[in-house]
$ cat work_29.tsv   # TSV, C-alpha atoms and all ligand atoms
chain	number	residue	atom	x	y	z
Z	345	MET	CA	74.48	-21.42	-25.00
Z	346	THR	CA	72.33	-19.56	-27.47
Z	347	ALA	CA	74.23	-17.15	-29.63
Z	348	ARG	CA	73.34	-13.52	-30.00
Z	349	THR	CA	72.62	-12.62	-33.61
Z	350	ILE	CA	74.44	-9.73	-35.28
Z	351	ASP	CA	71.83	-7.73	-37.18
Z	352	GLY	CA	73.53	-6.82	-40.47
Z	353	ASN	CA	70.55	-4.77	-41.64
Z	354	ALA	CA	70.60	-2.57	-38.53
Z	355	LEU	CA	74.37	-2.06	-38.66
Z	356	ALA	CA	74.23	-1.32	-42.40
Z	357	ALA	CA	71.50	1.27	-41.78
Z	358	ARG	CA	73.67	2.99	-39.14
Z	359	VAL	CA	76.71	3.04	-41.39
Z	360	ARG	CA	74.60	4.34	-44.29
Z	361	GLU	CA	73.46	7.31	-42.22
Z	362	ASP	CA	77.08	8.37	-41.88
Z	363	ILE	CA	77.70	7.73	-45.60
Z	364	ALA	CA	74.62	9.78	-46.55
Z	365	ALA	CA	75.85	12.71	-44.44
Z	366	ARG	CA	79.26	12.55	-46.11
Z	367	ALA	CA	77.65	12.31	-49.56
Z	368	GLU	CA	75.55	15.37	-48.80
Z	369	GLU	CA	78.60	17.31	-47.73
Z	370	LEU	CA	80.34	16.30	-50.95
Z	371	ALA	CA	77.36	17.32	-53.08
Z	372	ALA	CA	77.49	20.74	-51.41
Z	373	ARG	CA	81.15	20.95	-52.52
Z	374	GLY	CA	80.04	20.15	-56.10
Z	375	GLU	CA	81.19	16.51	-56.04
Z	376	GLN	CA	78.30	14.08	-56.13
Z	377	PRO	CA	79.56	10.52	-55.50
Z	378	CYS	CA	79.06	8.47	-58.66
Z	379	LEU	CA	79.45	4.75	-59.27
Z	380	ALA	CA	79.70	3.12	-62.71
Z	381	VAL	CA	78.84	-0.57	-63.01
Z	382	ILE	CA	79.76	-2.76	-65.98
Z	383	LEU	CA	77.62	-5.81	-66.44
Z	384	VAL	CA	78.36	-8.32	-69.19
Z	385	GLY	CA	75.94	-11.12	-69.98
Z	386	SER	CA	72.52	-11.71	-68.56
Z	387	ASP	CA	73.20	-13.89	-65.50
Z	388	PRO	CA	70.01	-13.18	-63.52
Z	389	ALA	CA	71.78	-13.46	-60.14
Z	390	SER	CA	74.31	-10.80	-61.20
Z	391	ALA	CA	71.55	-8.60	-62.59
Z	392	VAL	CA	69.68	-8.65	-59.25
Z	393	TYR	CA	72.87	-7.98	-57.33
Z	394	VAL	CA	73.77	-5.08	-59.62
Z	395	ARG	CA	70.28	-3.64	-59.32
Z	396	ASN	CA	70.64	-3.67	-55.53
Z	397	LYS	CA	74.04	-2.02	-55.74
Z	398	VAL	CA	72.78	0.68	-58.06
Z	399	ALA	CA	69.56	1.27	-56.13
Z	400	ALA	CA	71.69	1.99	-53.07
Z	401	CYS	CA	73.62	4.75	-54.87
Z	402	GLU	CA	72.19	8.17	-55.53
Z	403	LYS	CA	74.13	8.57	-58.72
Z	404	ALA	CA	75.08	5.51	-60.70
Z	405	GLY	CA	75.32	4.31	-64.25
Z	406	VAL	CA	74.99	0.74	-65.47
Z	407	PHE	CA	76.65	-0.27	-68.73
Z	408	ASP	CA	75.00	-3.48	-69.78
Z	409	TYR	CA	76.59	-5.64	-72.51
Z	410	PRO	CA	75.40	-8.92	-74.08
Z	411	ALA	CA	77.17	-12.17	-73.14
Z	412	ASP	CA	78.97	-12.27	-76.52
Z	413	ALA	CA	80.33	-8.70	-76.16
Z	414	ASP	CA	83.71	-7.91	-77.69
Z	415	PRO	CA	86.18	-7.45	-74.79
Z	416	GLN	CA	87.72	-4.46	-76.60
Z	417	VAL	CA	84.39	-2.59	-76.43
Z	418	VAL	CA	84.35	-3.07	-72.64
Z	419	MET	CA	88.01	-2.07	-72.34
Z	420	ASP	CA	87.26	1.11	-74.33
Z	421	ARG	CA	84.38	1.91	-71.98
Z	422	LEU	CA	86.66	1.37	-68.98
Z	423	ALA	CA	89.20	3.79	-70.44
Z	424	GLU	CA	86.45	6.35	-70.91
Z	425	LEU	CA	85.19	5.91	-67.32
Z	426	ASN	CA	88.75	6.13	-65.98
Z	427	GLY	CA	89.11	9.51	-67.66
Z	428	ASP	CA	85.70	10.83	-66.57
Z	429	THR	CA	86.31	13.00	-63.51
Z	430	SER	CA	82.63	12.87	-62.50
Z	431	VAL	CA	82.92	9.07	-61.95
Z	432	HIS	CA	84.42	7.98	-58.60
Z	433	GLY	CA	83.93	4.25	-58.54
Z	434	ILE	CA	84.06	1.62	-61.29
Z	435	LEU	CA	82.88	-1.89	-60.69
Z	436	VAL	CA	82.91	-4.82	-63.12
Z	437	GLN	CA	80.45	-7.50	-62.08
Z	438	LEU	CA	82.13	-10.92	-61.98
Z	439	PRO	CA	82.18	-13.56	-63.35
Z	440	LEU	CA	82.79	-12.40	-66.93
Z	441	PRO	CA	82.08	-14.55	-69.99
Z	442	PRO	CA	84.95	-16.81	-71.19
Z	443	GLN	CA	86.19	-14.50	-73.98
Z	444	PHE	CA	87.33	-12.05	-71.25
Z	445	ASP	CA	90.60	-12.20	-69.34
Z	446	GLU	CA	89.27	-11.25	-65.89
Z	447	SER	CA	92.53	-10.05	-64.41
Z	448	GLU	CA	93.24	-7.94	-67.50
Z	449	VAL	CA	89.85	-6.27	-67.12
Z	450	LEU	CA	90.24	-5.70	-63.36
Z	451	GLU	CA	93.67	-4.19	-63.90
Z	452	ALA	CA	92.31	-1.81	-66.54
Z	453	ILE	CA	90.30	-0.07	-63.80
Z	454	SER	CA	92.07	2.99	-62.43
Z	455	VAL	CA	93.32	2.12	-58.91
Z	456	GLU	CA	91.84	5.41	-57.69
Z	457	LYS	CA	88.36	4.19	-58.74
Z	458	ASP	CA	88.77	0.52	-57.79
Z	459	VAL	CA	85.96	0.50	-55.21
Z	460	ASP	CA	85.74	-3.31	-55.27
Z	461	GLY	CA	89.42	-3.54	-54.29
Z	462	PHE	CA	90.18	-6.34	-56.77
Z	463	HIS	CA	92.94	-4.58	-58.74
Z	464	ALA	CA	96.33	-6.20	-58.15
Z	465	GLU	CA	97.68	-2.92	-56.74
Z	466	SER	CA	94.77	-2.66	-54.27
Z	467	VAL	CA	95.47	-6.25	-53.18
Z	468	GLY	CA	99.17	-5.41	-52.75
Z	469	ARG	CA	98.32	-2.31	-50.73
Z	470	LEU	CA	96.05	-4.36	-48.46
Z	471	SER	CA	98.75	-6.96	-47.93
Z	472	GLN	CA	101.25	-4.23	-46.99
Z	473	GLY	CA	98.75	-2.47	-44.72
Z	474	GLN	CA	98.83	0.63	-46.97
Z	475	GLN	CA	95.88	2.88	-47.72
Z	476	GLY	CA	93.75	1.56	-50.60
Z	477	PHE	CA	90.33	0.11	-51.29
Z	478	ILE	CA	89.43	-2.98	-49.29
Z	479	PRO	CA	87.14	-5.60	-50.87
Z	480	CYS	CA	83.61	-4.90	-49.67
Z	481	THR	CA	82.57	-8.24	-48.15
Z	482	PRO	CA	85.55	-8.76	-45.82
Z	483	HIS	CA	85.56	-5.03	-45.04
Z	484	GLY	CA	81.90	-5.33	-43.98
Z	485	VAL	CA	82.82	-8.26	-41.74
Z	486	MET	CA	85.54	-6.15	-40.08
Z	487	LYS	CA	82.94	-3.43	-39.41
Z	488	MET	CA	80.82	-6.09	-37.71
Z	489	PHE	CA	83.72	-7.10	-35.46
Z	490	GLU	CA	84.31	-3.45	-34.64
Z	491	SER	CA	80.68	-2.72	-33.84
Z	492	GLU	CA	80.49	-5.78	-31.57
Z	493	ASN	CA	83.86	-5.08	-29.92
Z	494	VAL	CA	85.14	-8.53	-30.88
Z	495	PRO	CA	88.77	-8.77	-29.71
Z	496	LEU	CA	90.90	-9.67	-32.73
Z	497	SER	CA	94.42	-9.23	-31.45
Z	498	GLY	CA	95.74	-12.62	-30.39
Z	499	ALA	CA	92.53	-14.41	-31.35
Z	500	GLU	CA	92.58	-17.70	-33.25
Z	501	ALA	CA	90.75	-17.00	-36.51
Z	502	VAL	CA	89.84	-19.61	-39.09
Z	503	VAL	CA	88.63	-18.62	-42.55
Z	504	ILE	CA	87.07	-21.34	-44.69
Z	505	GLY	CA	87.58	-20.32	-48.33
Z	506	ARG	CA	90.53	-18.84	-50.20
Z	507	SER	CA	88.87	-16.86	-52.99
Z	508	ASN	CA	90.32	-13.54	-54.10
Z	509	ILE	CA	86.98	-11.88	-53.35
Z	510	VAL	CA	86.37	-13.09	-49.81
Z	511	GLY	CA	88.68	-15.67	-48.22
Z	512	LYS	CA	92.12	-14.22	-48.98
Z	513	PRO	CA	91.36	-10.54	-48.21
Z	514	MET	CA	89.48	-11.65	-45.06
Z	515	ALA	CA	92.56	-13.55	-43.90
Z	516	MET	CA	94.75	-10.53	-44.68
Z	517	LEU	CA	92.53	-8.13	-42.73
Z	518	LEU	CA	92.44	-10.45	-39.72
Z	519	THR	CA	96.22	-10.87	-39.90
Z	520	ASN	CA	96.67	-7.09	-40.02
Z	521	ALA	CA	94.40	-6.83	-36.97
Z	522	GLY	CA	96.64	-9.17	-34.98
Z	523	ALA	CA	94.71	-12.44	-35.19
Z	524	THR	CA	96.45	-15.77	-35.73
Z	525	VAL	CA	94.86	-16.86	-38.98
Z	526	THR	CA	94.37	-20.26	-40.55
Z	527	VAL	CA	92.95	-20.42	-44.08
Z	528	CYS	CA	91.10	-23.64	-44.91
Z	529	HIS	CA	89.88	-24.79	-48.34
Z	530	SER	CA	88.80	-27.88	-50.24
Z	531	ARG	CA	92.25	-29.51	-49.83
Z	532	THR	CA	92.38	-29.01	-46.06
Z	533	ARG	CA	92.79	-32.26	-44.14
Z	534	ASP	CA	90.55	-32.54	-41.09
Z	535	LEU	CA	88.66	-29.26	-41.38
Z	536	THR	CA	86.96	-29.75	-38.02
Z	537	PHE	CA	90.34	-29.90	-36.25
Z	538	HIS	CA	90.88	-26.31	-37.39
Z	539	THR	CA	87.35	-24.95	-36.98
Z	540	LYS	CA	87.05	-26.39	-33.45
Z	541	ARG	CA	89.88	-24.22	-32.19
Z	542	ALA	CA	88.65	-20.99	-33.79
Z	543	ASP	CA	87.64	-18.08	-31.57
Z	544	ILE	CA	86.51	-16.45	-34.80
Z	545	LEU	CA	85.19	-18.58	-37.64
Z	546	VAL	CA	84.42	-17.09	-41.06
Z	547	ALA	CA	82.67	-19.36	-43.55
Z	548	ALA	CA	82.97	-18.43	-47.25
Z	549	VAL	CA	82.49	-21.80	-48.89
Z	550	GLY	CA	79.42	-21.58	-51.11
Z	551	LYS	CA	77.85	-24.76	-49.69
Z	552	PRO	CA	74.49	-24.61	-47.91
Z	553	ARG	CA	74.65	-25.25	-44.14
Z	554	PHE	CA	78.13	-26.75	-44.51
Z	555	VAL	CA	79.38	-25.70	-41.05
Z	556	THR	CA	77.47	-27.41	-38.27
Z	557	GLY	CA	77.41	-26.84	-34.52
Z	558	ASP	CA	79.71	-29.80	-33.79
Z	559	MET	CA	82.46	-28.08	-35.83
Z	560	ILE	CA	82.40	-24.94	-33.67
Z	561	LYS	CA	84.26	-24.06	-30.47
Z	562	PRO	CA	81.84	-23.12	-27.67
Z	563	GLY	CA	81.58	-19.36	-27.44
Z	564	ALA	CA	83.06	-18.68	-30.89
Z	565	VAL	CA	82.09	-15.75	-33.09
Z	566	VAL	CA	80.70	-17.19	-36.32
Z	567	ILE	CA	80.45	-15.13	-39.50
Z	568	ASP	CA	78.47	-16.66	-42.34
Z	569	VAL	CA	79.40	-15.12	-45.68
Z	570	GLY	CA	77.64	-17.73	-47.82
Z	571	ILE	CA	74.59	-16.95	-49.89
Z	572	ASN	CA	73.04	-20.10	-51.29
Z	573	ARG	CA	69.66	-20.59	-52.85
Z	574	LEU	CA	68.13	-23.91	-51.84
Z	575	THR	CA	66.81	-25.88	-54.79
Z	576	GLU	CA	65.16	-28.90	-53.23
Z	577	GLY	CA	62.45	-29.84	-50.74
Z	578	GLU	CA	60.05	-27.65	-48.84
Z	579	GLU	CA	62.59	-24.84	-48.59
Z	580	ALA	CA	63.25	-24.61	-52.36
Z	581	GLY	CA	63.81	-21.01	-53.39
Z	582	LYS	CA	64.86	-19.88	-49.89
Z	583	LEU	CA	68.27	-18.35	-49.19
Z	584	CYS	CA	70.60	-19.91	-46.67
Z	585	GLY	CA	74.20	-19.47	-45.59
Z	586	ASP	CA	77.23	-21.75	-45.38
Z	587	VAL	CA	76.50	-22.26	-41.68
Z	588	ASP	CA	73.73	-24.40	-40.24
Z	589	PHE	CA	72.24	-21.59	-38.17
Z	590	ALA	CA	70.12	-23.80	-35.90
Z	591	SER	CA	72.92	-26.03	-34.61
Z	592	ALA	CA	75.64	-23.34	-34.77
Z	593	SER	CA	73.70	-20.86	-32.68
Z	594	GLU	CA	73.51	-23.44	-29.88
Z	595	VAL	CA	77.31	-23.34	-29.59
Z	596	ALA	CA	78.52	-19.92	-30.75
Z	597	SER	CA	78.33	-16.69	-28.72
Z	598	LEU	CA	77.75	-14.39	-31.69
Z	599	ILE	CA	76.53	-15.32	-35.15
Z	600	THR	CA	75.40	-13.67	-38.37
Z	601	PRO	CA	72.15	-14.76	-40.04
Z	602	VAL	CA	71.52	-15.28	-43.77
Z	603	PRO	CA	69.82	-13.27	-45.10
Z	604	GLY	CA	70.29	-10.09	-43.04
Z	605	GLY	CA	73.90	-10.59	-41.99
Z	606	VAL	CA	76.98	-9.96	-44.11
Z	607	GLY	CA	75.02	-9.31	-47.34
Z	608	PRO	CA	73.69	-5.83	-46.46
Z	609	MET	CA	77.14	-4.84	-45.18
Z	610	THR	CA	78.77	-5.70	-48.52
Z	611	ILE	CA	76.69	-3.20	-50.48
Z	612	THR	CA	77.12	-0.62	-47.73
Z	613	MET	CA	80.90	-0.89	-47.92
Z	614	LEU	CA	80.72	-0.40	-51.68
Z	615	LEU	CA	78.90	2.87	-51.06
Z	616	GLU	CA	81.44	3.86	-48.43
Z	617	ASN	CA	84.31	3.17	-50.84
Z	618	THR	CA	82.57	5.28	-53.50
Z	619	VAL	CA	82.17	8.16	-51.04
Z	620	ILE	CA	85.82	7.83	-49.95
Z	621	SER	CA	86.87	7.99	-53.60
Z	622	ALA	CA	84.70	11.08	-54.15
Z	623	GLU	CA	86.21	12.73	-51.04
Z	624	ARG	CA	89.70	12.13	-52.38
Z	625	ALA	CA	88.65	13.51	-55.81
Z	626	ALA	CA	87.15	16.65	-54.22
Z	627	ASN	CA	90.33	17.20	-52.22
Z	628	ARG	CA	92.46	16.74	-55.36
Z	629	LYS	CA	90.32	19.27	-57.21
Z	630	GLY	CA	90.60	21.67	-54.25
Z	631	ARG	CA	86.81	21.79	-53.80
E	1	LIG	P1	84.41	-19.49	-54.22
E	1	LIG	O1	83.65	-20.61	-54.85
E	1	LIG	O2	85.29	-18.65	-55.08
E	1	LIG	O3	85.30	-20.08	-53.04
E	1	LIG	C1	84.84	-21.09	-52.19
E	1	LIG	C2	85.97	-21.56	-51.31
E	1	LIG	O4	85.48	-22.60	-50.49
E	1	LIG	C3	87.15	-22.11	-52.09
E	1	LIG	O5	88.36	-21.61	-51.57
E	1	LIG	C4	87.05	-23.62	-51.88
E	1	LIG	O6	88.29	-24.29	-51.85
E	1	LIG	C5	86.39	-23.68	-50.51
E	1	LIG	N1	85.71	-24.96	-50.35
E	1	LIG	C6	84.86	-25.57	-51.20
E	1	LIG	N2	84.48	-26.75	-50.71
E	1	LIG	C7	85.11	-26.91	-49.52
E	1	LIG	C8	85.13	-27.94	-48.56
E	1	LIG	N3	84.44	-29.05	-48.72
E	1	LIG	N4	85.89	-27.76	-47.46
E	1	LIG	C9	86.61	-26.63	-47.28
E	1	LIG	N5	86.63	-25.63	-48.17
E	1	LIG	C10	85.89	-25.77	-49.29
E	1	LIG	O7	83.34	-18.60	-53.47
E	1	LIG	P2	83.39	-17.07	-52.94
E	1	LIG	O8	84.52	-16.88	-52.02
E	1	LIG	O9	83.22	-16.14	-54.07
E	1	LIG	O10	82.02	-17.04	-52.11
E	1	LIG	C11	81.79	-17.89	-50.99
E	1	LIG	C12	80.35	-17.76	-50.57
E	1	LIG	O11	80.10	-16.43	-50.19
E	1	LIG	C13	79.32	-18.05	-51.66
E	1	LIG	O12	78.17	-18.64	-51.05
E	1	LIG	C14	78.95	-16.69	-52.19
E	1	LIG	O13	77.66	-16.65	-52.73
E	1	LIG	C15	79.03	-15.88	-50.94
E	1	LIG	N6	79.32	-14.46	-51.14
E	1	LIG	C16	78.59	-13.60	-50.37
E	1	LIG	C17	78.80	-12.27	-50.43
E	1	LIG	C18	78.03	-11.39	-49.52
E	1	LIG	O14	77.86	-10.22	-49.80
E	1	LIG	N7	77.55	-11.89	-48.38
E	1	LIG	C19	79.77	-11.68	-51.37
E	1	LIG	C20	80.56	-12.67	-52.08
E	1	LIG	C21	80.30	-14.02	-51.96
E	1	LIG	P3	89.27	-24.39	-53.13
E	1	LIG	O15	89.89	-23.03	-53.25
E	1	LIG	O16	90.23	-25.43	-52.76
E	1	LIG	O17	88.40	-24.73	-54.30
$ encode --input "work_29.tsv" --output "structure tokens" --more "lines below"
Ligand code: NDP
Amino acid sequence: MTARTIDGNALAARVREDIAARAEELAARGEQPCLAVILVGSDPASAVYVRNKVAACEKAGVFDYPADADPQVVMDRLAELNGDTSVHGILVQLPLPPQFDESEVLEAISVEKDVDGFHAESVGRLSQGQQGFIPCTPHGVMKMFESENVPLSGAEAVVIGRSNIVGKPMAMLLTNAGATVTVCHSRTRDLTFHTKRADILVAAVGKPRFVTGDMIKPGAVVIDVGINRLTEGEEAGKLCGDVDFASASEVASLITPVPGGVGPMTITMLLENTVISAERAANRKGR
């Protein structure tokens, strides 16, 4: 079997058309969607990622602080952004330098503007199936399932990774959609036992080409969240996922590539969350 590839760029472009139309409608009502990004420290990977996020937004502000920034200065900025009614989304790029308490910072973001969905209340809302912001990467994966009509109810889903950003919210979304979900991580005994029985396999491990074809059930849907930069050999400098695409696509029925898979969907969902927040703000203001 050779798997069909899900084109994340094409899907993201389609979703962005809808977002652009909604943003235009909002602008006509006097509410231009606006995202504020806080970046602390000069991690080049974060800087590139933030640039991509900001480039995708029509109206955005980046607040850039040095790695030794005083946490209070950032907290004061957050308070200011929370109170600014022209700002609809606030995002703090993680990881933060060690002098910061990450959860304290994330919880200082107004839940109404928590477009990354990392605030404890947003996480609670997701776990209870209530309306709130859903973390962008797993939300983008759900859009992929939807666009490909992947049946989730009753499916065996295995998520490799239990991070707050990807693994856990992914597992929650799949659970809410009726899948039977197993979450694997570095302490899992016999990972292949689990992956082999997955109708849907999501890899969010952070290890290049970690999942190979022999770990996959024939016909499975394989979602590769990983973004790894290869450092050695002929391919040094290239990006690759957590899945070994060549061997996995011999076994799976549907698969996402890296790059061009989940990555473009993540930024798109951030834009969608910002537009949703702006729509709610416009409605609150009676515009
Ligand atoms: P984390 O490092 O926070 O989490 C990795 C998870 O993988 C952990 O739960 C860890 O287990 C588990 N793990 C590590 N080694 C093994 C192993 N040998 N067997 C089974 N499980 C293992 O990473 P993130 O969740 O933040 O990101 C995962 C990947 O996704 C990265 O490549 C990242 O770059 C990428 N990413 C991509 C995005 C996109 O837009 N496409 C967005 C965000 C991330 P344990 O908890 O026990 O340590």
$ closest_atom_pairs --input "work_29.tsv" --of "segment 435-488 of chain Z" --to "segment 563-573 of chain Z" --cutoff "10 Å" --atoms "all atoms listed in the file" --output "Markdown table"
| residue | atom | partner | partner_atom | distance |
| --- | --- | --- | --- | --- |
| Z:Thr481 | CA | Z:Val569 | CA | 8.0 |
| Z:Pro482 | CA | Z:Val569 | CA | 8.8 |
| Z:Val485 | CA | Z:Ile567 | CA | 7.6 |
| Z:Met488 | CA | Z:Ile567 | CA | 9.2 |
$ closest_atom_pairs --input "work_29.tsv" --of "chain Z" --to "ligand LIG 1 (chain E)" --cutoff "8 Å" --atoms "only C-alpha atoms and all ligand atoms" --output "tab-separated table"
residue	atom	partner	partner_atom	distance
Z:Cys480	CA	E:LIG1	O14	7.8
Z:Thr481	CA	E:LIG1	O14	5.4
Z:Ile504	CA	E:LIG1	N5	5.5
Z:Gly505	CA	E:LIG1	O5	3.6
Z:Arg506	CA	E:LIG1	O5	3.8
Z:Ser507	CA	E:LIG1	O8	4.5
Z:Asn508	CA	E:LIG1	O8	7.0
Z:Ile509	CA	E:LIG1	O9	5.7
Z:Val510	CA	E:LIG1	O8	4.8
Z:Gly511	CA	E:LIG1	O8	5.8
Z:Cys528	CA	E:LIG1	N5	5.9
Z:His529	CA	E:LIG1	N5	3.4
Z:Ser530	CA	E:LIG1	C10	3.7
Z:Arg531	CA	E:LIG1	O16	5.4
Z:Thr532	CA	E:LIG1	C9	6.4
Z:Leu535	CA	E:LIG1	C9	6.8
Z:Ala547	CA	E:LIG1	C12	7.6
Z:Ala548	CA	E:LIG1	C11	4.0
Z:Val549	CA	E:LIG1	O4	3.5
Z:Gly550	CA	E:LIG1	O12	3.2
Z:Lys551	CA	E:LIG1	O12	6.3
Z:Pro552	CA	E:LIG1	O12	7.7
Z:Phe554	CA	E:LIG1	N3	7.9
Z:Asp568	CA	E:LIG1	N7	7.8
Z:Val569	CA	E:LIG1	N7	4.6
Z:Gly570	CA	E:LIG1	O12	3.4
Z:Ile571	CA	E:LIG1	O12	4.1
Z:Asn572	CA	E:LIG1	O12	5.3
Z:Gly585	CA	E:LIG1	O12	6.8
Z:Asp586	CA	E:LIG1	O12	6.5
Z:Gly605	CA	E:LIG1	N7	7.5
Z:Val606	CA	E:LIG1	N7	4.7
Z:Gly607	CA	E:LIG1	N7	3.8
Z:Pro608	CA	E:LIG1	O14	6.9
Z:Met609	CA	E:LIG1	O14	7.1
Z:Thr610	CA	E:LIG1	O14	4.8
Z:Ile611	CA	E:LIG1	O14	7.1
$ atom_distance --input "work_29.tsv" --atom1 "atom CA of Gly374 of chain Z" --atom2 "atom CA of Ala622 of chain Z"
10.4 Å
$ residues_near_point --input "work_29.tsv" --point "(74.8, -7.1, -75.4)" --cutoff "12 Å" --atoms "only C-alpha atoms" --output "PyMOL selection string"
chain Z and resi 382-386+407-415+417-418+441
$ closest_residue --input "work_29.tsv" --among "Z:Val587, Z:Val467, Z:Val455, Z:Leu435" --to "Pro601 of chain Z" --atoms "all atoms listed in the file"
Z:Val587
$ closest_residue --input "work_29.tsv" --among "Z:Ser591, Z:Phe489, Z:Glu465, Z:Ser497" --to "Thr519 of chain Z" --atoms "all atoms listed in the file"
Z:Ser497
$ atom_distance --input "work_29.tsv" --atom1 "atom CA of Ile363 of chain Z" --atom2 "atom CA of Gly604 of chain Z"
19.5 Å
$ atom_distance --input "work_29.tsv" --atom1 "atom CA of Ile434 of chain Z" --atom2 "atom CA of Gln416 of chain Z"
16.9 Å
$ closest_residue --input "work_29.tsv" --among "Z:Ala542, Z:Ala357, Z:Ala452, Z:Met613" --to "Val525 of chain Z" --atoms "only C-alpha atoms"
Z:Ala542
$ residues_around --input "work_29.tsv" --residues "Thr346 of chain Z" --least-positions-apart "2" --cutoff "12 Å" --atoms "all atoms listed in the file" --output "list of chain:residue names"
Z:Arg348, Z:Thr349, Z:Gly557, Z:Pro562, Z:Gly563, Z:Ala564, Z:Val565, Z:Phe589, Z:Ala590, Z:Ser591, Z:Ala592, Z:Ser593, Z:Glu594, Z:Val595, Z:Ala596, Z:Ser597, Z:Leu598, Z:Ile599
$ residues_around --input "work_29.tsv" --residues "Asn520 of chain Z" --least-positions-apart "5" --cutoff "12 Å" --atoms "only C-alpha atoms" --output "number ranges by chain"
Z: 469-474, 486, 496-498, 513-515, 525
$ decode --input "work_29.tsv" --residues "segment 523-536 of chain Z" --atoms "N, CA and C atoms" --output "PDB file, in the first residue's frame"
ATOM      1  N   ALA Z 523     -13.008   8.714  20.010  1.00  0.00           N
ATOM      2  CA  ALA Z 523     -11.984   7.683  19.784  1.00  0.00           C
ATOM      3  C   ALA Z 523     -11.608   7.030  21.111  1.00  0.00           C
ATOM      4  N   THR Z 524     -11.049   5.830  21.023  1.00  0.00           N
ATOM      5  CA  THR Z 524     -10.486   5.173  22.204  1.00  0.00           C
ATOM      6  C   THR Z 524      -9.001   5.504  22.186  1.00  0.00           C
ATOM      7  N   VAL Z 525      -8.561   6.265  23.175  1.00  0.00           N
ATOM      8  CA  VAL Z 525      -7.239   6.894  23.063  1.00  0.00           C
ATOM      9  C   VAL Z 525      -6.224   6.294  24.023  1.00  0.00           C
ATOM     10  N   THR Z 526      -5.053   6.001  23.510  1.00  0.00           N
ATOM     11  CA  THR Z 526      -3.924   5.581  24.338  1.00  0.00           C
ATOM     12  C   THR Z 526      -2.838   6.644  24.194  1.00  0.00           C
ATOM     13  N   VAL Z 527      -2.318   7.118  25.319  1.00  0.00           N
ATOM     14  CA  VAL Z 527      -1.238   8.109  25.283  1.00  0.00           C
ATOM     15  C   VAL Z 527       0.068   7.418  25.667  1.00  0.00           C
ATOM     16  N   CYS Z 528       1.030   7.433  24.765  1.00  0.00           N
ATOM     17  CA  CYS Z 528       2.331   6.807  25.021  1.00  0.00           C
ATOM     18  C   CYS Z 528       3.378   7.893  25.271  1.00  0.00           C
ATOM     19  N   HIS Z 529       4.434   7.533  25.964  1.00  0.00           N
ATOM     20  CA  HIS Z 529       5.503   8.493  26.288  1.00  0.00           C
ATOM     21  C   HIS Z 529       6.782   7.723  26.552  1.00  0.00           C
ATOM     22  N   SER Z 530       7.789   8.416  27.106  1.00  0.00           N
ATOM     23  CA  SER Z 530       9.103   7.773  27.221  1.00  0.00           C
ATOM     24  C   SER Z 530       9.102   6.616  28.216  1.00  0.00           C
ATOM     25  N   ARG Z 531       8.091   6.526  29.087  1.00  0.00           N
ATOM     26  CA  ARG Z 531       8.047   5.434  30.061  1.00  0.00           C
ATOM     27  C   ARG Z 531       7.173   4.274  29.592  1.00  0.00           C
ATOM     28  N   THR Z 532       6.617   4.387  28.405  1.00  0.00           N
ATOM     29  CA  THR Z 532       5.728   3.335  27.897  1.00  0.00           C
ATOM     30  C   THR Z 532       6.530   2.055  27.629  1.00  0.00           C
ATOM     31  N   ARG Z 533       6.013   0.931  28.127  1.00  0.00           N
ATOM     32  CA  ARG Z 533       6.655  -0.352  27.841  1.00  0.00           C
ATOM     33  C   ARG Z 533       6.114  -0.849  26.511  1.00  0.00           C
ATOM     34  N   ASP Z 534       6.932  -1.332  25.664  1.00  0.00           N
ATOM     35  CA  ASP Z 534       6.531  -1.913  24.384  1.00  0.00           C
ATOM     36  C   ASP Z 534       5.658  -0.959  23.558  1.00  0.00           C
ATOM     37  N   LEU Z 535       6.292   0.108  23.118  1.00  0.00           N
ATOM     38  CA  LEU Z 535       5.584   1.129  22.335  1.00  0.00           C
ATOM     39  C   LEU Z 535       4.933   0.533  21.086  1.00  0.00           C
ATOM     40  N   THR Z 536       5.652  -0.370  20.427  1.00  0.00           N
ATOM     41  CA  THR Z 536       5.140  -0.927  19.169  1.00  0.00           C
ATOM     42  C   THR Z 536       3.844  -1.706  19.375  1.00  0.00           C
TER      43      THR Z 536
END
